[in-house]
Amino acid sequence: MVQGPVLVFAETFGQDFRRSSLEAVTEGKRIAGLLNTSLVVFTIGSGIKNTASHLGAYGVDKVLVADSPDLKTFHPDYYRAVGLEAVRKVDPGTILLPATSSGKDLAPRLAIHLNSVVATDSTKLDVEGGKLVATRPIYAGKAVLRVAMNSRPFIATLRPNAFTAKEVSSKKTPQAEELQFNKPQSRMTVQDYHPHAGKKMDLTEATVIVSGGRGMGGPENYKILEELAETLGGVVGASRASVDAGWRPHSDQVGQTGRTVSPTLYIACGISGAIQHRVGMINSKVIVAINKDPEAPIFGFADYGIVGDVFQVVPALTNDLRKYLGK
Ligand SMILES: Cc1cc2nc3c(=O)[nH]c(=O)nc-3n(C[C@H](O)[C@H](O)[C@H](O)COP(=O)(O)OP(=O)(O)OC[C@H]3O[C@@H](n4cnc5c(N)ncnc54)[C@H](O)[C@@H]3O)c2cc1C
């Protein structure tokens with residue numbers, strides 16, 4: 001039986017929480033219910049004291065807040081120190097973190113100090129006979145591993161978009177408690193933080209993604225995808241072929257070695273639909289494929305398929321949508 005509260009790391013983004021953190025909080029709430037224990041969330045940042053109250057909408061009772069100018073951006077040693085302080089206070093049986101860059105860095109640092117292990121990139125959690133079991137896809141989703149642990153606490157990172165963030169009907173203001181931050185010695189210095197220039201939204205948080213593959217023919221042609229994305233209030237993604245060709249940055253890549261996304265609408269333009277691309281976008285609500293090859297594998301799992309040349313179809317679609325949306 002897993003003893004002790006569920007502790008969740010909620011990562012802030014400016015004055016708000018990342019969607020992946022709200023997913024982890026929602027799952028933490030569900031697991032706490034199944035284990036008949038409490039849920040405590042810890043959050044780290046600068047000027048975020050009021051941000052904690054947003055978590056009331058997700059049924060969180062208690063939030064531990066570490067707020068300091070030194071914690072404005074992720075620092076491996078500082079965040080680890082805060083995480084360990086939260087663990088010291090709560091003595092959790094379970095620790096959940098979003099599998100974002102920060103969560104993936106923080107989880108093993110906590111594990112090594114707590115003499116435990118991490119189930120990384122989990123897509124499902126179950127309670128079986130009082131024990132937690134994490135499901136982790138491996139080999140690009142061709143096999144799944146089910147992981148139970150003998151060590152305590154059970155630590156898992158949760159793949160963004162594999163869980164759903166759900167607000168509760170009875171919102172309340174969570175109890176916020178300050179978490180002591182004693183700046184530890186560190187051999188690392190974060191010199192500067194550069195958010196991705198020109199990117200309106202992180203791919204994993206977007207509700208509309210217009211993705212381009214090798215069929216786009218070159219970096220200059222992504223302009224038509226940018227226009228379609230902008231019309232729909234979305235962002236542009238890419239297949240690995242176009243990233244490897246140097247047409248798009250790696251941060252745009254969707255798939256096994258890129259991002260896992262689950263937008264409401266995913267429009268794949270000139271993308272064949274290889275298994276490694278598919279695993280990153282198959283959870284999209286509606287998939288539209290535009291491809292000139294009627295035999296392209298993507299038509300096998302798209303909700304809507306348009307057989308045609310992207311250079312004719314995409315501008316025509318943008319044009320009609322602009323008229324329809326009055327833009
Ligand atoms: C270990 C490993 C990890 C990988 N990780 C990823 C990953 O994370 N993400 C990823 O995407 N891939 C990944 N891949 C690569 C993957 O196997 C495919 O090679 C890649 O997804 C192909 O990209 P693509 O669909 O853009 O290109 P292609 O497979 O070459 O497809 C291009 C498509 O464009 C169509 N087309 C061409 N011209 C036009 C036009 N004018 N109009 C309309 N359609 C047109 C063609 O019919 C074709 O279907 C990985 C591979 C390996 C081995």
# chains A, B, ... in the order shown; residues from 1 in each chain; ligands from 1

$ residues_near_ligand --ligand "ligand 1" --cutoff "7 Å" --atoms "only C-alpha atoms and all ligand atoms" --output "MDAnalysis selection string"
chainID A and resid 212:217 238:242 253:258 269:277 280 290:293 296 308:311

$ write_last_selection --atoms "N, CA, C and O atoms" --output "CSV table (one decimal), in the first residue's frame"
chain,number,residue,atom,x,y,z
A,212,GLY,N,3.9,20.8,-41.2
A,212,GLY,CA,4.4,20.6,-42.5
A,212,GLY,C,5.5,19.6,-42.6
A,212,GLY,O,6.4,19.5,-41.7
A,213,GLY,N,5.5,18.8,-43.7
A,213,GLY,CA,6.6,17.8,-43.8
A,213,GLY,C,7.4,18.0,-45.0
A,213,GLY,O,7.4,19.1,-45.6
A,214,ARG,N,8.1,16.9,-45.5
A,214,ARG,CA,9.0,17.0,-46.6
A,214,ARG,C,8.3,17.5,-47.9
A,214,ARG,O,8.9,18.2,-48.7
A,215,GLY,N,7.0,17.3,-47.9
A,215,GLY,CA,6.2,17.7,-49.1
A,215,GLY,C,6.1,19.2,-49.2
A,215,GLY,O,5.7,19.7,-50.3
A,216,MET,N,6.6,20.0,-48.2
A,216,MET,CA,6.5,21.4,-48.3
A,216,MET,C,7.7,21.9,-49.2
A,216,MET,O,7.7,23.1,-49.6
A,217,GLY,N,8.6,21.1,-49.4
A,217,GLY,CA,9.7,21.4,-50.5
A,217,GLY,C,10.8,22.3,-50.1
A,217,GLY,O,11.8,22.4,-50.8
A,238,ALA,N,6.1,20.5,-37.4
A,238,ALA,CA,6.8,19.9,-38.5
A,238,ALA,C,7.1,18.4,-38.3
A,238,ALA,O,7.0,17.9,-37.1
A,239,SER,N,7.4,17.8,-39.4
A,239,SER,CA,7.8,16.4,-39.2
A,239,SER,C,9.3,16.4,-39.1
A,239,SER,O,10.0,17.4,-39.3
A,240,ARG,N,9.9,15.2,-38.7
A,240,ARG,CA,11.3,15.2,-38.5
A,240,ARG,C,12.1,15.4,-39.8
A,240,ARG,O,13.2,16.0,-39.8
A,241,ALA,N,11.5,14.9,-41.0
A,241,ALA,CA,12.2,15.1,-42.2
A,241,ALA,C,12.4,16.6,-42.5
A,241,ALA,O,13.5,17.0,-42.9
A,242,SER,N,11.5,17.4,-42.2
A,242,SER,CA,11.7,18.9,-42.4
A,242,SER,C,12.6,19.5,-41.4
A,242,SER,O,13.3,20.5,-41.6
A,253,GLN,N,9.2,20.0,-33.9
A,253,GLN,CA,9.1,18.6,-34.3
A,253,GLN,C,8.0,17.9,-33.5
A,253,GLN,O,8.1,17.9,-32.3
A,254,VAL,N,7.1,17.2,-34.2
A,254,VAL,CA,6.1,16.4,-33.6
A,254,VAL,C,6.4,15.0,-33.8
A,254,VAL,O,6.8,14.6,-34.9
A,255,GLY,N,6.4,14.2,-32.8
A,255,GLY,CA,6.6,12.7,-32.9
A,255,GLY,C,7.5,12.1,-31.9
A,255,GLY,O,7.7,12.7,-30.8
A,256,GLN,N,7.9,10.9,-32.1
A,256,GLN,CA,8.6,10.1,-31.2
A,256,GLN,C,9.8,10.9,-30.6
A,256,GLN,O,10.1,10.8,-29.4
A,257,THR,N,10.6,11.5,-31.4
A,257,THR,CA,11.8,12.2,-30.9
A,257,THR,C,11.5,13.7,-30.9
A,257,THR,O,12.4,14.5,-30.8
A,258,GLY,N,10.2,14.1,-31.0
A,258,GLY,CA,9.9,15.5,-30.8
A,258,GLY,C,8.8,15.7,-29.8
A,258,GLY,O,8.9,15.0,-28.7
A,269,CYS,N,0.3,18.7,-43.5
A,269,CYS,CA,0.5,19.1,-44.9
A,269,CYS,C,1.8,18.5,-45.4
A,269,CYS,O,2.8,18.8,-44.9
A,270,GLY,N,1.6,17.6,-46.4
A,270,GLY,CA,2.8,17.0,-47.0
A,270,GLY,C,3.6,16.1,-46.1
A,270,GLY,O,4.8,16.1,-46.1
A,271,ILE,N,2.8,15.4,-45.2
A,271,ILE,CA,3.4,14.5,-44.2
A,271,ILE,C,2.9,13.1,-44.6
A,271,ILE,O,1.6,12.9,-44.7
A,272,SER,N,3.8,12.1,-44.6
A,272,SER,CA,3.3,10.8,-45.1
A,272,SER,C,2.6,10.0,-44.0
A,272,SER,O,1.7,9.2,-44.2
A,273,GLY,N,2.9,10.3,-42.7
A,273,GLY,CA,2.2,9.6,-41.6
A,273,GLY,C,3.0,8.4,-41.1
A,273,GLY,O,2.4,7.4,-40.7
A,274,ALA,N,4.3,8.5,-41.0
A,274,ALA,CA,5.2,7.4,-40.5
A,274,ALA,C,4.8,7.2,-39.0
A,274,ALA,O,4.4,8.1,-38.3
A,275,ILE,N,5.0,6.0,-38.5
A,275,ILE,CA,4.7,5.6,-37.1
A,275,ILE,C,5.3,6.6,-36.1
A,275,ILE,O,4.6,7.0,-35.2
A,276,GLN,N,6.5,7.0,-36.4
A,276,GLN,CA,7.2,7.9,-35.5
A,276,GLN,C,6.6,9.3,-35.4
A,276,GLN,O,6.7,10.0,-34.4
A,277,HIS,N,5.9,9.7,-36.5
A,277,HIS,CA,5.2,10.9,-36.5
A,277,HIS,C,3.8,10.7,-35.8
A,277,HIS,O,3.4,11.5,-35.0
A,280,GLY,N,3.2,10.9,-32.0
A,280,GLY,CA,3.2,12.3,-31.4
A,280,GLY,C,1.9,13.1,-31.6
A,280,GLY,O,1.7,14.1,-30.9
A,290,ILE,N,-3.5,16.6,-45.7
A,290,ILE,CA,-3.4,17.1,-47.1
A,290,ILE,C,-2.2,16.5,-47.8
A,290,ILE,O,-1.1,16.7,-47.3
A,291,ASN,N,-2.4,15.6,-48.8
A,291,ASN,CA,-1.3,14.9,-49.4
A,291,ASN,C,-1.7,14.6,-50.8
A,291,ASN,O,-2.8,14.2,-51.1
A,292,LYS,N,-0.7,14.7,-51.7
A,292,LYS,CA,-1.0,14.4,-53.1
A,292,LYS,C,-1.0,12.9,-53.4
A,292,LYS,O,-1.5,12.5,-54.5
A,293,ASP,N,-0.6,12.1,-52.5
A,293,ASP,CA,-0.5,10.7,-52.7
A,293,ASP,C,-1.7,10.0,-52.0
A,293,ASP,O,-1.8,9.9,-50.8
A,296,ALA,N,-1.0,7.5,-49.2
A,296,ALA,CA,-0.1,7.9,-48.1
A,296,ALA,C,-0.7,7.3,-46.8
A,296,ALA,O,-1.9,7.4,-46.6
A,308,GLY,N,-4.5,16.2,-52.7
A,308,GLY,CA,-4.2,17.3,-53.5
A,308,GLY,C,-2.8,17.9,-53.2
A,308,GLY,O,-2.1,17.5,-52.3
A,309,ASP,N,-2.5,18.9,-54.0
A,309,ASP,CA,-1.2,19.6,-53.8
A,309,ASP,C,-1.3,20.7,-52.7
A,309,ASP,O,-2.2,21.5,-52.8
A,310,VAL,N,-0.4,20.6,-51.8
A,310,VAL,CA,-0.5,21.6,-50.6
A,310,VAL,C,-0.4,23.0,-51.1
A,310,VAL,O,-1.1,23.9,-50.6
A,311,PHE,N,0.3,23.2,-52.2
A,311,PHE,CA,0.4,24.6,-52.7
A,311,PHE,C,-0.8,25.2,-53.4
A,311,PHE,O,-1.0,26.4,-53.6

$ closest_atom_pairs --of "region 119-142 of chain A" --to "region 5-25 of chain A" --cutoff "12 Å" --atoms "only C-alpha atoms" --output "CSV"
residue,atom,partner,partner_atom,distance
A:Asp121,CA,A:Ala24,CA,11.8
A:Ser122,CA,A:Ala24,CA,10.8
A:Thr123,CA,A:Ala24,CA,10.8
A:Lys124,CA,A:Ala24,CA,11.1
A:Leu125,CA,A:Ala24,CA,11.0
A:Leu132,CA,A:Val6,CA,11.4

$ write_last_selection --atoms "N, CA, C and O atoms" --output "PDB file, in the first residue's frame"
ATOM      1  N   ASP A 121       7.883   9.544 -18.396  1.00  0.00           N
ATOM      2  CA  ASP A 121       7.010   9.660 -19.565  1.00  0.00           C
ATOM      3  C   ASP A 121       5.794   8.728 -19.485  1.00  0.00           C
ATOM      4  O   ASP A 121       5.427   8.102 -20.481  1.00  0.00           O
ATOM      5  N   SER A 122       5.186   8.675 -18.321  1.00  0.00           N
ATOM      6  CA  SER A 122       4.042   7.771 -18.129  1.00  0.00           C
ATOM      7  C   SER A 122       2.812   8.319 -18.847  1.00  0.00           C
ATOM      8  O   SER A 122       2.583   9.533 -18.899  1.00  0.00           O
ATOM      9  N   THR A 123       2.009   7.409 -19.379  1.00  0.00           N
ATOM     10  CA  THR A 123       0.793   7.834 -20.073  1.00  0.00           C
ATOM     11  C   THR A 123      -0.469   7.376 -19.335  1.00  0.00           C
ATOM     12  O   THR A 123      -1.579   7.720 -19.734  1.00  0.00           O
ATOM     13  N   LYS A 124      -0.254   6.583 -18.264  1.00  0.00           N
ATOM     14  CA  LYS A 124      -1.416   6.091 -17.504  1.00  0.00           C
ATOM     15  C   LYS A 124      -0.933   5.665 -16.127  1.00  0.00           C
ATOM     16  O   LYS A 124       0.181   5.136 -16.012  1.00  0.00           O
ATOM     17  N   LEU A 125      -1.749   5.930 -15.123  1.00  0.00           N
ATOM     18  CA  LEU A 125      -1.433   5.441 -13.781  1.00  0.00           C
ATOM     19  C   LEU A 125      -2.613   4.620 -13.277  1.00  0.00           C
ATOM     20  O   LEU A 125      -3.769   4.986 -13.506  1.00  0.00           O
ATOM     21  N   LEU A 132       0.895   1.622  -6.849  1.00  0.00           N
ATOM     22  CA  LEU A 132       0.768   2.385  -8.091  1.00  0.00           C
ATOM     23  C   LEU A 132       1.497   1.670  -9.213  1.00  0.00           C
ATOM     24  O   LEU A 132       2.593   1.142  -9.015  1.00  0.00           O
TER      25      LEU A 132
END

$ select_by_dssp --residues "region 101-233 of chain A" --states "alpha helix (DSSP H)" --output "MDAnalysis selection string"
chainID A and resid 101:114 223:231

$ write_last_selection --atoms "C-alpha atoms" --output "mmCIF file, in the first residue's frame"
data_model
loop_
_atom_site.group_PDB
_atom_site.id
_atom_site.type_symbol
_atom_site.label_atom_id
_atom_site.label_comp_id
_atom_site.auth_asym_id
_atom_site.auth_seq_id
_atom_site.Cartn_x
_atom_site.Cartn_y
_atom_site.Cartn_z
ATOM 1 C CA SER A 101 12.005 19.877 -19.793
ATOM 2 C CA SER A 102 11.944 21.096 -16.168
ATOM 3 C CA GLY A 103 9.972 18.122 -14.839
ATOM 4 C CA LYS A 104 12.240 15.650 -16.637
ATOM 5 C CA ASP A 105 15.292 17.316 -15.129
ATOM 6 C CA LEU A 106 13.889 17.653 -11.618
ATOM 7 C CA ALA A 107 12.420 14.126 -11.213
ATOM 8 C CA PRO A 108 15.702 12.140 -11.299
ATOM 9 C CA ARG A 109 17.428 14.734 -9.089
ATOM 10 C CA LEU A 110 14.757 14.172 -6.445
ATOM 11 C CA ALA A 111 14.881 10.403 -6.943
ATOM 12 C CA ILE A 112 18.622 10.149 -6.385
ATOM 13 C CA HIS A 113 18.381 12.133 -3.154
ATOM 14 C CA LEU A 114 15.412 10.105 -1.970
ATOM 15 C CA LYS A 223 4.791 30.819 -45.094
ATOM 16 C CA ILE A 224 1.507 29.364 -46.381
ATOM 17 C CA LEU A 225 1.288 27.193 -43.266
ATOM 18 C CA GLU A 226 2.014 30.197 -41.020
ATOM 19 C CA GLU A 227 -0.852 32.030 -42.712
ATOM 20 C CA LEU A 228 -3.267 29.141 -42.242
ATOM 21 C CA ALA A 229 -2.149 28.704 -38.607
ATOM 22 C CA GLU A 230 -2.581 32.405 -37.916
ATOM 23 C CA THR A 231 -6.069 32.409 -39.424
#

$ closest_residue --among "A:Gly234, A:Pro98, A:Gly129, A:Gly47" --to "Val208 (chain A)" --atoms "only C-alpha atoms"
A:Gly234

$ closest_residue --among "A:Pro174, A:Gly218, A:Gly83, A:Gly326" --to "Thr43 (chain A)" --atoms "only C-alpha atoms"
A:Gly83

$ select_by_dssp --residues "region 30-268 of chain A" --states "strand (DSSP E or B)" --output "PyMOL selection string"
chain A and resi 39-45+62-67+94-98+118-122+124-128+131-138+143-147+154-158+175-178+208-212+235-238+253-254+259+265-268

$ decode --residues "region 60-72 of chain A" --atoms "N, CA, C and O atoms" --output "PDB file, in the first residue's frame"
ATOM      1  N   VAL A  60      -7.502  21.619  -5.545  1.00  0.00           N
ATOM      2  CA  VAL A  60      -6.311  21.490  -4.696  1.00  0.00           C
ATOM      3  C   VAL A  60      -6.585  22.156  -3.346  1.00  0.00           C
ATOM      4  O   VAL A  60      -7.087  23.275  -3.283  1.00  0.00           O
ATOM      5  N   ASP A  61      -6.268  21.448  -2.261  1.00  0.00           N
ATOM      6  CA  ASP A  61      -6.496  21.991  -0.916  1.00  0.00           C
ATOM      7  C   ASP A  61      -5.312  22.805  -0.438  1.00  0.00           C
ATOM      8  O   ASP A  61      -5.465  23.817   0.236  1.00  0.00           O
ATOM      9  N   LYS A  62      -4.106  22.344  -0.782  1.00  0.00           N
ATOM     10  CA  LYS A  62      -2.922  22.977  -0.199  1.00  0.00           C
ATOM     11  C   LYS A  62      -1.824  23.143  -1.261  1.00  0.00           C
ATOM     12  O   LYS A  62      -1.520  22.197  -1.994  1.00  0.00           O
ATOM     13  N   VAL A  63      -1.253  24.339  -1.291  1.00  0.00           N
ATOM     14  CA  VAL A  63      -0.161  24.611  -2.236  1.00  0.00           C
ATOM     15  C   VAL A  63       1.040  25.142  -1.463  1.00  0.00           C
ATOM     16  O   VAL A  63       0.914  26.064  -0.649  1.00  0.00           O
ATOM     17  N   LEU A  64       2.191  24.561  -1.706  1.00  0.00           N
ATOM     18  CA  LEU A  64       3.436  25.067  -1.127  1.00  0.00           C
ATOM     19  C   LEU A  64       4.096  25.939  -2.188  1.00  0.00           C
ATOM     20  O   LEU A  64       4.306  25.491  -3.316  1.00  0.00           O
ATOM     21  N   VAL A  65       4.401  27.175  -1.823  1.00  0.00           N
ATOM     22  CA  VAL A  65       4.900  28.120  -2.821  1.00  0.00           C
ATOM     23  C   VAL A  65       6.320  28.561  -2.470  1.00  0.00           C
ATOM     24  O   VAL A  65       6.571  29.098  -1.390  1.00  0.00           O
ATOM     25  N   ALA A  66       7.238  28.355  -3.395  1.00  0.00           N
ATOM     26  CA  ALA A  66       8.595  28.894  -3.236  1.00  0.00           C
ATOM     27  C   ALA A  66       8.715  30.062  -4.196  1.00  0.00           C
ATOM     28  O   ALA A  66       8.669  29.880  -5.414  1.00  0.00           O
ATOM     29  N   ASP A  67       8.820  31.252  -3.643  1.00  0.00           N
ATOM     30  CA  ASP A  67       8.794  32.468  -4.462  1.00  0.00           C
ATOM     31  C   ASP A  67      10.049  33.285  -4.181  1.00  0.00           C
ATOM     32  O   ASP A  67      10.254  33.745  -3.057  1.00  0.00           O
ATOM     33  N   SER A  68      10.884  33.408  -5.196  1.00  0.00           N
ATOM     34  CA  SER A  68      12.123  34.161  -5.014  1.00  0.00           C
ATOM     35  C   SER A  68      12.637  34.610  -6.382  1.00  0.00           C
ATOM     36  O   SER A  68      12.491  33.875  -7.369  1.00  0.00           O
ATOM     37  N   PRO A  69      13.262  35.783  -6.457  1.00  0.00           N
ATOM     38  CA  PRO A  69      13.830  36.210  -7.743  1.00  0.00           C
ATOM     39  C   PRO A  69      14.837  35.190  -8.281  1.00  0.00           C
ATOM     40  O   PRO A  69      14.991  35.042  -9.483  1.00  0.00           O
ATOM     41  N   ASP A  70      15.485  34.438  -7.368  1.00  0.00           N
ATOM     42  CA  ASP A  70      16.444  33.413  -7.809  1.00  0.00           C
ATOM     43  C   ASP A  70      15.760  32.232  -8.497  1.00  0.00           C
ATOM     44  O   ASP A  70      16.427  31.396  -9.112  1.00  0.00           O
ATOM     45  N   LEU A  71      14.439  32.145  -8.334  1.00  0.00           N
ATOM     46  CA  LEU A  71      13.719  30.993  -8.889  1.00  0.00           C
ATOM     47  C   LEU A  71      12.907  31.358 -10.124  1.00  0.00           C
ATOM     48  O   LEU A  71      12.030  30.612 -10.561  1.00  0.00           O
ATOM     49  N   LYS A  72      13.228  32.520 -10.687  1.00  0.00           N
ATOM     50  CA  LYS A  72      12.460  33.010 -11.837  1.00  0.00           C
ATOM     51  C   LYS A  72      12.507  32.017 -13.000  1.00  0.00           C
ATOM     52  O   LYS A  72      11.512  31.752 -13.663  1.00  0.00           O
TER      53      LYS A  72
END
